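Text of the file run01.cif, holding mmCIF, C-alpha atoms:
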```cif
data_query
#
loop_
_atom_site.group_PDB
_atom_site.id
_atom_site.type_symbol
_atom_site.label_atom_id
_atom_site.label_comp_id
_atom_site.auth_asym_id
_atom_site.auth_seq_id
_atom_site.Cartn_x
_atom_site.Cartn_y
_atom_site.Cartn_z
ATOM 1 C CA MET A 1 12.012 34.624 -8.363
ATOM 2 C CA PHE A 2 15.283 35.656 -9.978
ATOM 3 C CA VAL A 3 15.921 35.560 -13.703
ATOM 4 C CA ALA A 4 18.600 32.985 -14.411
ATOM 5 C CA GLU A 5 20.595 33.879 -17.481
ATOM 6 C CA PRO A 6 24.337 33.241 -17.026
ATOM 7 C CA VAL A 7 25.710 35.321 -19.872
ATOM 8 C CA SER A 8 28.353 37.992 -19.799
ATOM 9 C CA SER A 9 28.804 41.337 -21.545
ATOM 10 C CA GLY A 10 31.645 43.741 -20.981
ATOM 11 C CA GLY A 11 32.257 42.569 -17.426
ATOM 12 C CA ILE A 12 28.604 42.662 -16.314
ATOM 13 C CA GLN A 13 27.134 39.227 -15.743
ATOM 14 C CA ILE A 14 23.500 38.291 -15.158
ATOM 15 C CA VAL A 15 23.388 35.624 -12.456
ATOM 16 C CA SER A 16 20.741 33.322 -11.068
ATOM 17 C CA ASP A 17 20.788 34.668 -7.550
ATOM 18 C CA VAL A 18 22.645 36.679 -4.930
ATOM 19 C CA PRO A 19 25.223 34.477 -3.167
ATOM 20 C CA ASP A 20 24.564 33.311 0.365
ATOM 21 C CA GLU A 21 27.838 34.781 1.594
ATOM 22 C CA GLU A 22 29.578 38.072 0.889
ATOM 23 C CA ASP A 23 31.837 38.014 -2.157
ATOM 24 C CA GLU A 24 34.429 40.755 -1.914
ATOM 25 C CA GLU A 25 35.188 40.649 -5.641
ATOM 26 C CA PHE A 26 31.735 41.591 -6.921
ATOM 27 C CA LEU A 27 28.985 44.137 -6.528
ATOM 28 C CA TYR A 28 25.438 42.849 -6.997
ATOM 29 C CA LEU A 29 22.565 44.949 -8.308
ATOM 30 C CA GLY A 30 18.972 43.777 -8.454
ATOM 31 C CA LEU A 31 16.709 45.276 -11.126
ATOM 32 C CA ILE A 32 13.018 44.835 -10.370
ATOM 33 C CA ASP A 33 11.350 43.636 -13.592
ATOM 34 C CA ARG A 34 7.753 43.114 -12.602
ATOM 35 C CA ARG A 35 5.547 43.875 -9.620
ATOM 36 C CA SER A 36 7.045 44.869 -6.299
ATOM 37 C CA ALA A 37 9.529 43.445 -3.873
ATOM 38 C CA ALA A 38 10.138 44.443 -0.285
ATOM 39 C CA ILE A 39 13.420 45.054 1.481
ATOM 40 C CA THR A 40 13.238 44.868 5.238
ATOM 41 C CA ARG A 41 15.241 47.596 6.928
ATOM 42 C CA GLU A 42 15.870 48.346 10.583
ATOM 43 C CA ARG A 43 13.035 50.863 10.527
ATOM 44 C CA GLY A 44 10.523 48.967 8.440
ATOM 45 C CA GLU A 45 10.132 47.966 4.800
ATOM 46 C CA VAL A 46 10.975 49.639 1.519
ATOM 47 C CA LEU A 47 8.669 48.641 -1.337
ATOM 48 C CA LEU A 48 10.284 48.398 -4.758
ATOM 49 C CA GLU A 49 8.437 48.889 -8.015
ATOM 50 C CA SER A 50 9.275 47.928 -11.565
ATOM 51 C CA ARG A 51 12.626 49.365 -12.762
ATOM 52 C CA ASP A 52 13.836 50.181 -9.242
ATOM 53 C CA VAL A 53 17.414 49.154 -8.464
ATOM 54 C CA VAL A 54 18.769 47.737 -5.230
ATOM 55 C CA PHE A 55 22.402 47.274 -4.250
ATOM 56 C CA CYS A 56 22.136 43.701 -2.985
ATOM 57 C CA ASP A 57 23.904 42.890 0.230
ATOM 58 C CA PRO A 58 24.798 39.184 0.462
ATOM 59 C CA GLY A 59 25.114 39.583 4.231
ATOM 60 C CA ARG A 60 21.442 40.577 4.411
ATOM 61 C CA ARG A 61 20.107 38.467 1.563
ATOM 62 C CA PRO A 62 17.090 37.086 3.490
ATOM 63 C CA ALA A 63 15.867 40.667 3.911
ATOM 64 C CA LEU A 64 14.956 40.798 0.201
ATOM 65 C CA ARG A 65 11.419 39.469 -0.084
ATOM 66 C CA SER A 66 9.400 39.298 -3.283
ATOM 67 C CA GLY A 67 5.748 38.589 -3.903
ATOM 68 C CA ASP A 68 4.246 36.018 -6.248
ATOM 69 C CA GLY A 69 5.075 36.796 -9.852
ATOM 70 C CA CYS A 70 7.818 39.258 -9.010
ATOM 71 C CA GLN A 71 10.883 39.001 -11.222
ATOM 72 C CA THR A 72 14.274 40.468 -10.464
ATOM 73 C CA THR A 73 17.298 40.452 -12.698
ATOM 74 C CA VAL A 74 20.520 40.261 -10.697
ATOM 75 C CA PHE A 75 23.654 41.791 -12.183
ATOM 76 C CA ARG A 76 27.149 40.965 -10.961
ATOM 77 C CA ILE A 77 29.885 43.522 -11.586
ATOM 78 C CA PRO A 78 33.548 43.131 -10.635
ATOM 79 C CA ARG A 79 34.262 45.818 -8.104
ATOM 80 C CA CYS A 80 37.636 46.577 -9.650
ATOM 81 C CA TYR A 81 35.917 47.742 -12.851
ATOM 82 C CA LEU A 82 34.022 50.517 -11.102
ATOM 83 C CA GLY A 83 37.001 52.576 -9.935
ATOM 84 C CA VAL A 84 35.268 53.266 -6.605
ATOM 85 C CA PRO A 85 36.977 52.680 -3.211
ATOM 86 C CA GLU A 86 35.947 49.452 -1.512
ATOM 87 C CA SER A 87 34.783 51.302 1.586
ATOM 88 C CA ASP A 88 32.435 53.437 -0.514
ATOM 89 C CA LEU A 89 30.950 50.417 -2.260
ATOM 90 C CA ASP A 90 30.315 48.753 1.093
ATOM 91 C CA ARG A 91 28.419 51.827 2.306
ATOM 92 C CA VAL A 92 25.766 51.524 -0.421
ATOM 93 C CA LEU A 93 25.006 47.836 0.113
ATOM 94 C CA GLY A 94 21.317 47.465 0.831
ATOM 95 C CA VAL A 95 20.490 50.912 -0.566
ATOM 96 C CA THR A 96 17.548 51.197 -2.957
ATOM 97 C CA VAL A 97 17.305 53.601 -5.903
ATOM 98 C CA ARG A 98 14.121 54.635 -7.657
ATOM 99 C CA GLY A 99 14.229 53.857 -11.364
ATOM 100 C CA CYS A 100 11.641 56.456 -12.335
ATOM 101 C CA ARG A 101 13.718 59.599 -11.975
ATOM 102 C CA GLY A 102 17.159 61.133 -12.118
ATOM 103 C CA LEU A 103 20.326 59.118 -12.407
ATOM 104 C CA GLY A 104 18.498 56.073 -11.104
ATOM 105 C CA ALA A 105 16.310 56.058 -14.225
ATOM 106 C CA LEU A 106 19.340 56.245 -16.494
ATOM 107 C CA VAL A 107 21.071 53.337 -14.728
ATOM 108 C CA SER A 108 17.871 51.315 -14.715
ATOM 109 C CA ASP A 109 17.314 51.844 -18.450
ATOM 110 C CA PHE A 110 20.873 50.772 -19.276
ATOM 111 C CA LEU A 111 20.632 47.616 -17.197
ATOM 112 C CA ALA A 112 17.210 46.770 -18.586
ATOM 113 C CA THR A 113 18.539 47.160 -22.139
ATOM 114 C CA LEU A 114 21.490 44.844 -21.466
ATOM 115 C CA ALA A 115 19.159 42.243 -19.982
ATOM 116 C CA ALA A 116 16.551 42.430 -22.750
ATOM 117 C CA GLU A 117 18.609 42.677 -25.936
ATOM 118 C CA ALA A 118 20.361 39.383 -26.509
ATOM 119 C CA GLU A 119 22.360 40.609 -29.534
ATOM 120 C CA PHE A 120 24.104 43.247 -27.391
ATOM 121 C CA ARG A 121 25.727 40.645 -25.188
ATOM 122 C CA THR A 122 28.152 39.348 -27.783
ATOM 123 C CA SER A 123 28.633 42.474 -29.860
ATOM 124 C CA THR A 124 31.060 45.377 -29.727
ATOM 125 C CA ILE A 125 28.157 47.733 -29.106
ATOM 126 C CA GLY A 126 27.073 45.567 -26.201
ATOM 127 C CA ASP A 127 30.539 45.769 -24.662
ATOM 128 C CA ARG A 128 30.515 49.539 -24.960
ATOM 129 C CA LEU A 129 27.058 49.748 -23.417
ATOM 130 C CA ALA A 130 28.198 47.532 -20.565
ATOM 131 C CA ARG A 131 31.187 49.759 -19.882
ATOM 132 C CA SER A 132 28.906 52.792 -19.975
ATOM 133 C CA ALA A 133 26.554 51.057 -17.560
ATOM 134 C CA MET A 134 29.430 50.392 -15.157
ATOM 135 C CA ASP A 135 30.479 54.032 -15.391
ATOM 136 C CA LEU A 136 26.921 55.077 -14.585
ATOM 137 C CA VAL A 137 26.806 52.712 -11.605
ATOM 138 C CA ALA A 138 30.034 54.269 -10.326
ATOM 139 C CA VAL A 139 28.546 57.764 -10.706
ATOM 140 C CA LEU A 140 25.380 56.591 -8.969
ATOM 141 C CA VAL A 141 27.419 55.304 -6.036
ATOM 142 C CA LYS A 142 29.177 58.651 -5.712
ATOM 143 C CA GLU A 143 25.861 60.524 -5.882
ATOM 144 C CA LEU A 144 24.392 58.330 -3.146
ATOM 145 C CA LEU A 145 27.418 58.915 -0.944
ATOM 146 C CA GLU A 146 27.308 62.687 -1.485
ATOM 147 C CA THR A 147 23.612 62.744 -0.620
ATOM 148 C CA GLU A 148 24.263 60.666 2.495
ATOM 149 C CA THR A 149 27.049 63.014 3.576
ATOM 150 C CA ALA A 150 24.852 66.071 3.064
ATOM 151 C CA VAL A 151 22.028 64.529 5.092
ATOM 152 C CA GLU A 152 24.401 63.598 7.902
ATOM 153 C CA ALA A 153 25.848 67.110 7.952
ATOM 154 C CA SER A 154 22.364 68.623 8.017
ATOM 155 C CA SER A 155 21.292 66.336 10.850
ATOM 156 C CA ALA A 156 24.445 67.096 12.788
ATOM 157 C CA GLY A 157 23.933 70.835 12.255
ATOM 158 C CA LYS A 158 20.339 70.628 13.468
ATOM 159 C CA ALA A 159 21.347 68.625 16.516
ATOM 160 C CA GLY A 160 24.113 71.133 17.231
ATOM 161 C CA ASN A 161 21.737 74.079 16.965
ATOM 162 C CA GLU A 162 19.463 72.423 19.500
ATOM 163 C CA MET A 163 22.281 71.469 21.846
ATOM 164 C CA LEU A 164 24.233 74.739 21.933
ATOM 165 C CA PRO A 165 21.588 76.701 23.917
ATOM 166 C CA ARG A 166 21.492 73.908 26.503
ATOM 167 C CA ILE A 167 25.265 73.982 26.786
ATOM 168 C CA ARG A 168 25.252 77.755 27.281
ATOM 169 C CA THR A 169 22.624 77.420 30.006
ATOM 170 C CA HIS A 170 24.771 74.799 31.677
ATOM 171 C CA ILE A 171 27.749 77.139 31.553
ATOM 172 C CA GLU A 172 25.732 79.964 33.120
ATOM 173 C CA GLU A 173 24.656 77.676 35.938
ATOM 174 C CA HIS A 174 28.223 76.583 36.688
ATOM 175 C CA LEU A 175 30.188 79.791 36.110
ATOM 176 C CA MET A 176 31.172 79.979 39.772
ATOM 177 C CA GLU A 177 32.845 76.581 39.666
ATOM 178 C CA PRO A 178 36.606 77.004 39.131
ATOM 179 C CA ASP A 179 36.891 73.534 37.568
ATOM 180 C CA LEU A 180 34.413 74.363 34.793
ATOM 181 C CA SER A 181 36.221 73.291 31.627
ATOM 182 C CA PRO A 182 35.590 71.968 28.120
ATOM 183 C CA GLU A 183 36.109 68.472 29.479
ATOM 184 C CA SER A 184 33.510 68.843 32.242
ATOM 185 C CA ILE A 185 31.041 70.535 29.884
ATOM 186 C CA ALA A 186 31.395 67.823 27.248
ATOM 187 C CA ARG A 187 31.070 65.106 29.868
ATOM 188 C CA ALA A 188 27.871 66.645 31.244
ATOM 189 C CA HIS A 189 26.304 66.554 27.761
ATOM 190 C CA HIS A 190 27.650 63.136 26.726
ATOM 191 C CA ILE A 191 29.595 64.491 23.758
ATOM 192 C CA SER A 192 33.257 64.584 22.848
ATOM 193 C CA VAL A 193 35.422 67.597 23.590
ATOM 194 C CA ARG A 194 36.196 67.805 19.894
ATOM 195 C CA TYR A 195 32.501 68.064 19.037
ATOM 196 C CA LEU A 196 32.000 70.669 21.757
ATOM 197 C CA HIS A 197 34.744 72.819 20.258
ATOM 198 C CA LYS A 198 33.175 72.416 16.808
ATOM 199 C CA LEU A 199 29.797 73.663 18.059
ATOM 200 C CA PHE A 200 31.332 76.868 19.375
ATOM 201 C CA GLN A 201 33.625 77.239 16.372
ATOM 202 C CA ASP A 202 30.593 77.108 14.066
ATOM 203 C CA ASP A 203 29.108 79.900 16.192
ATOM 204 C CA GLY A 204 32.197 82.076 15.725
ATOM 205 C CA THR A 205 33.846 81.650 19.111
ATOM 206 C CA THR A 206 35.497 79.083 21.382
ATOM 207 C CA VAL A 207 34.404 77.391 24.581
ATOM 208 C CA SER A 208 37.091 79.121 26.633
ATOM 209 C CA GLN A 209 36.319 82.541 25.167
ATOM 210 C CA TRP A 210 32.623 82.125 25.920
ATOM 211 C CA VAL A 211 33.215 81.008 29.529
ATOM 212 C CA ARG A 212 35.753 83.776 30.139
ATOM 213 C CA GLN A 213 33.473 86.480 28.740
ATOM 214 C CA ARG A 214 30.483 85.326 30.764
ATOM 215 C CA ARG A 215 32.605 85.331 33.923
ATOM 216 C CA LEU A 216 33.962 88.789 33.148
ATOM 217 C CA ASP A 217 30.447 90.112 32.573
ATOM 218 C CA ALA A 218 29.345 88.665 35.918
ATOM 219 C CA CYS A 219 32.320 90.236 37.705
ATOM 220 C CA ARG A 220 31.684 93.579 36.034
ATOM 221 C CA ARG A 221 28.058 93.598 37.163
ATOM 222 C CA GLU A 222 28.943 92.650 40.717
ATOM 223 C CA LEU A 223 31.681 95.240 41.023
ATOM 224 C CA SER A 224 29.304 97.963 39.809
ATOM 225 C CA ARG A 225 26.595 97.322 42.390
ATOM 226 C CA THR A 226 26.438 99.900 45.201
ATOM 227 C CA PRO A 227 25.958 97.374 48.062
ATOM 228 C CA ASN A 228 29.133 95.576 46.969
ATOM 229 C CA ARG A 229 31.504 98.532 46.954
ATOM 230 C CA ARG A 230 33.444 97.148 49.908
ATOM 231 C CA ILE A 231 33.892 93.713 48.365
ATOM 232 C CA THR A 232 37.455 93.248 47.213
ATOM 233 C CA VAL A 233 38.319 92.659 43.595
ATOM 234 C CA ALA A 234 40.067 89.412 44.550
ATOM 235 C CA ALA A 235 36.932 88.118 46.302
ATOM 236 C CA VAL A 236 34.771 88.843 43.279
ATOM 237 C CA ALA A 237 37.268 87.197 40.944
ATOM 238 C CA HIS A 238 37.435 84.107 43.137
ATOM 239 C CA ARG A 239 33.644 83.902 43.385
ATOM 240 C CA TRP A 240 33.327 83.736 39.599
ATOM 241 C CA GLY A 241 35.948 81.100 38.975
ATOM 242 C CA PHE A 242 39.153 83.135 38.498
ATOM 243 C CA SER A 243 41.866 81.456 40.554
ATOM 244 C CA SER A 244 44.481 84.184 40.036
ATOM 245 C CA PRO A 245 43.660 87.829 40.916
ATOM 246 C CA ALA A 246 46.541 89.053 38.751
ATOM 247 C CA HIS A 247 45.299 87.091 35.747
ATOM 248 C CA PHE A 248 41.788 88.362 36.361
ATOM 249 C CA SER A 249 42.983 91.970 36.431
ATOM 250 C CA ARG A 250 44.864 91.590 33.147
ATOM 251 C CA THR A 251 41.909 89.871 31.494
ATOM 252 C CA PHE A 252 39.454 92.487 32.782
ATOM 253 C CA ARG A 253 41.607 95.339 31.527
ATOM 254 C CA GLY A 254 41.930 93.684 28.142
ATOM 255 C CA ALA A 255 38.166 93.343 27.861
ATOM 256 C CA TYR A 256 37.023 96.726 29.242
ATOM 257 C CA GLY A 257 40.008 99.030 28.940
ATOM 258 C CA MET A 258 40.481 99.613 32.671
ATOM 259 C CA SER A 259 41.412 97.642 35.750
ATOM 260 C CA PRO A 260 38.668 96.064 37.873
ATOM 261 C CA SER A 261 39.537 98.360 40.784
ATOM 262 C CA ALA A 262 39.232 101.409 38.516
ATOM 263 C CA TRP A 263 35.878 100.145 37.301
ATOM 264 C CA GLN A 264 34.736 99.590 40.899
ATOM 265 C CA ALA A 265 35.789 103.113 41.841
ATOM 266 C CA LEU A 266 34.024 104.561 38.810
ATOM 267 C CA ALA A 267 30.849 102.681 39.688
ATOM 268 C CA ALA A 268 31.051 103.894 43.299
ATOM 269 C CA SER A 269 31.199 107.482 42.073
ATOM 270 C CA GLY A 270 27.950 106.966 40.190
ATOM 271 C CA VAL A 271 29.539 107.649 36.786
ATOM 272 C CA GLY A 272 29.143 105.030 34.045
ATOM 273 C CA ALA A 273 27.809 102.376 36.406
ATOM 274 C CA GLY A 274 25.517 99.680 35.066
#
```

Structure re-expressed in structure tokens:
Amino acid sequence: MFVAEPVSSGGIQIVSDVPDEEDEEFLYLGLIDRRSAAITRERGEVLLESRDVVFCDPGRRPALRSGDGCQTTVFRIPRCYLGVPESDLDRVLGVTVRGCRGLGALVSDFLATLAAEAEFRTSTIGDRLARSAMDLVAVLVKELLETETAVEASSAGKAGNEMLPRIRTHIEEHLMEPDLSPESIARAHHISVRYLHKLFQDDGTTVSQWVRQRRLDACRRELSRTPNRRITVAAVAHRWGFSSPAHFSRTFRGAYGMSPSAWQALAASGVGAG
């Protein structure tokens, strides 16, 4: 059940229950007083113990289930008092915070004190404590958001590290296709072009640079092979996705310091081939 005690102190109000519908003016926090409650999430249940805090979400109110004898004090705080963007407050709705450690313990203790000490609710000290509690809630929200952002970045980095080798293999397998491009590569891996560029940027290069270098390396190897001495430079360039022989020659010279024909001649002489 919920503790019903409609008194106010410094902007924080203890209310009888969480409203059935979302109220955009207030943020609701539930403080578990005794025994445990359960919050059903998409991936199961989160069990709450005494002094844990939950950011109540009116839109998911039925998901908060409590056992026999469980008591929860519900606090209502005007959102405008917290100095936190509305979008950030919405992101923490439904989030639970352990009241046994860290900032969660400090917030829990403050809220428990406001609920338990009746004389604080109408005194100057009580007003100051309430304002301090709201400041702590705002800091808690920011900490939760920073943690969430760090976890998302870590997950994205891990996913990127796993995906990049697959993308490089894909590029190797399609080097001979002249229409190989960031768009086609991203489409083949069901990611955005922007994300594809970010993966290569994090690795210190670009998609185009990687594709161009792999094609140049392939051309260099083919031009250096003895059986291929009579193959024209233009044919090799075309085979490996270069549509313009002149562009290929300029790019090859920029990468290796000599023209592809000079490299082919040097390889045919048996000097520096490989």

Non-local contacts of Thr169 (chain A) (12 Å; only C-alpha atoms; under 4 positions in same chain excluded) as a list in words: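 In the requested form, the answer reads Met163, Leu164, Pro165, Glu173, His174, Leu175, Ile185, His189, Trp210, Val211 and Arg214 of chain A.
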
Distance query Phe110 (chain A) at most 9 Å, only C-alpha atoms, self and fewer than 6 positions along chain excluded, as a PyMOL selection string: chain A and resi 129-130+132-133+136

Cut-off 10 Å around (34.1, 86.5, 43.4) with only C-alpha atoms: residues as a list in words: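 So the residues meeting the distance criterion are Met176, Arg215, Ala218, Cys219, Glu222, Leu223, Ile231, Thr232, Val233, Ala234, Ala235, Val236, Ala237, His238, Arg239, Trp240, Gly241, Phe242, Ser243 and Pro245 of chain A.
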
Nearest residue to Arg194 (chain A) from the set A:Val97, A:Val46, A:Val207, A:Ile77 (distances using only C-alpha atoms): A:Val207

Could you give me the centre and size, in Å to one decimal, of an axis-aligned box around all listed atoms of region 101-109 of chain A with 5 Å added on every side, as lines of an AutoDock Vina configuration file?
```
center_x = 17.4
center_y = 56.2
center_z = -14.8
size_x = 17.4
size_y = 19.8
size_z = 17.3
```

Explicit residues for the PyMOL selection byres ((chain A and resi 141) around 10) (as a list in words):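 Going through the file, the PyMOL selection byres ((chain A and resi 141) around 10) ends up selecting Phe55, Leu82, Val84, Asp88, Leu89, Arg91, Val92, Leu93, Val95, Asp135, Leu136, Val137, Ala138, Val139, Leu140, Lys142, Glu143, Leu144, Leu145, Glu146 and Thr147 of chain A.
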
One-decimal distance in Å that lies between CA of Thr72 (chain A) and CA of Asp90 (chain A): 21.4 Å

Which of A:Glu49, A:Glu177, A:Leu114, A:Leu199 sits closest to Glu162 (chain A) [using all atoms listed in the file]: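 Nearest candidate to Glu162 (chain A) out of A:Glu49, A:Glu177, A:Leu114, A:Leu199: A:Leu199.
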
Two-atom distance - CA of Asp33 (chain A), CA of Glu86 (chain A) (Å): 28.0 Å

Between CA of Ser108 (chain A) and CA of Asp52 (chain A) - distance in Å to one decimal: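 The value is 6.9 Å.
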
Counting only C-alpha atoms, the residue of A:Ile32, A:Thr73, A:Val193, A:Ser50 that sits nearest Val15 (chain A):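 Closest residue, counting only C-alpha atoms: A:Thr73.
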
Counting all atoms listed in the file, the option among A:Val74, A:Cys100, A:Ile125, A:Val54 closest to Val18 (chain A):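 Among the listed residues, A:Val74 lies closest to Val18 (chain A).
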
Minimum-distance residue to Gly104 (chain A), chosen among A:Arg128, A:Arg51, A:Arg187, A:Arg230 (using only C-alpha atoms):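 Once distances to Gly104 (chain A) are computed over only C-alpha atoms, the minimum belongs to A:Arg51.
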
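You can rank A:Gln13, A:Ser261, A:Thr206, A:Thr96 by their closest distance to Met134 (chain A) using all atoms listed in the file, and at the top of that list sits A:Gln13.
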
Within 9 Å of Glu25 (chain A), counting all atoms listed in the file, which residues show up once you throw out same-chain ones fewer than 6 positions away? Write them as a PDB file with C-alpha atoms, in the coordinates of the input, please.
```
ATOM      1  CA  ILE A  77      29.885  43.522 -11.586  1.00  0.00           C
ATOM      2  CA  PRO A  78      33.548  43.131 -10.635  1.00  0.00           C
ATOM      3  CA  ARG A  79      34.262  45.818  -8.104  1.00  0.00           C
ATOM      4  CA  CYS A  80      37.636  46.577  -9.650  1.00  0.00           C
TER       5      CYS A  80
END
```
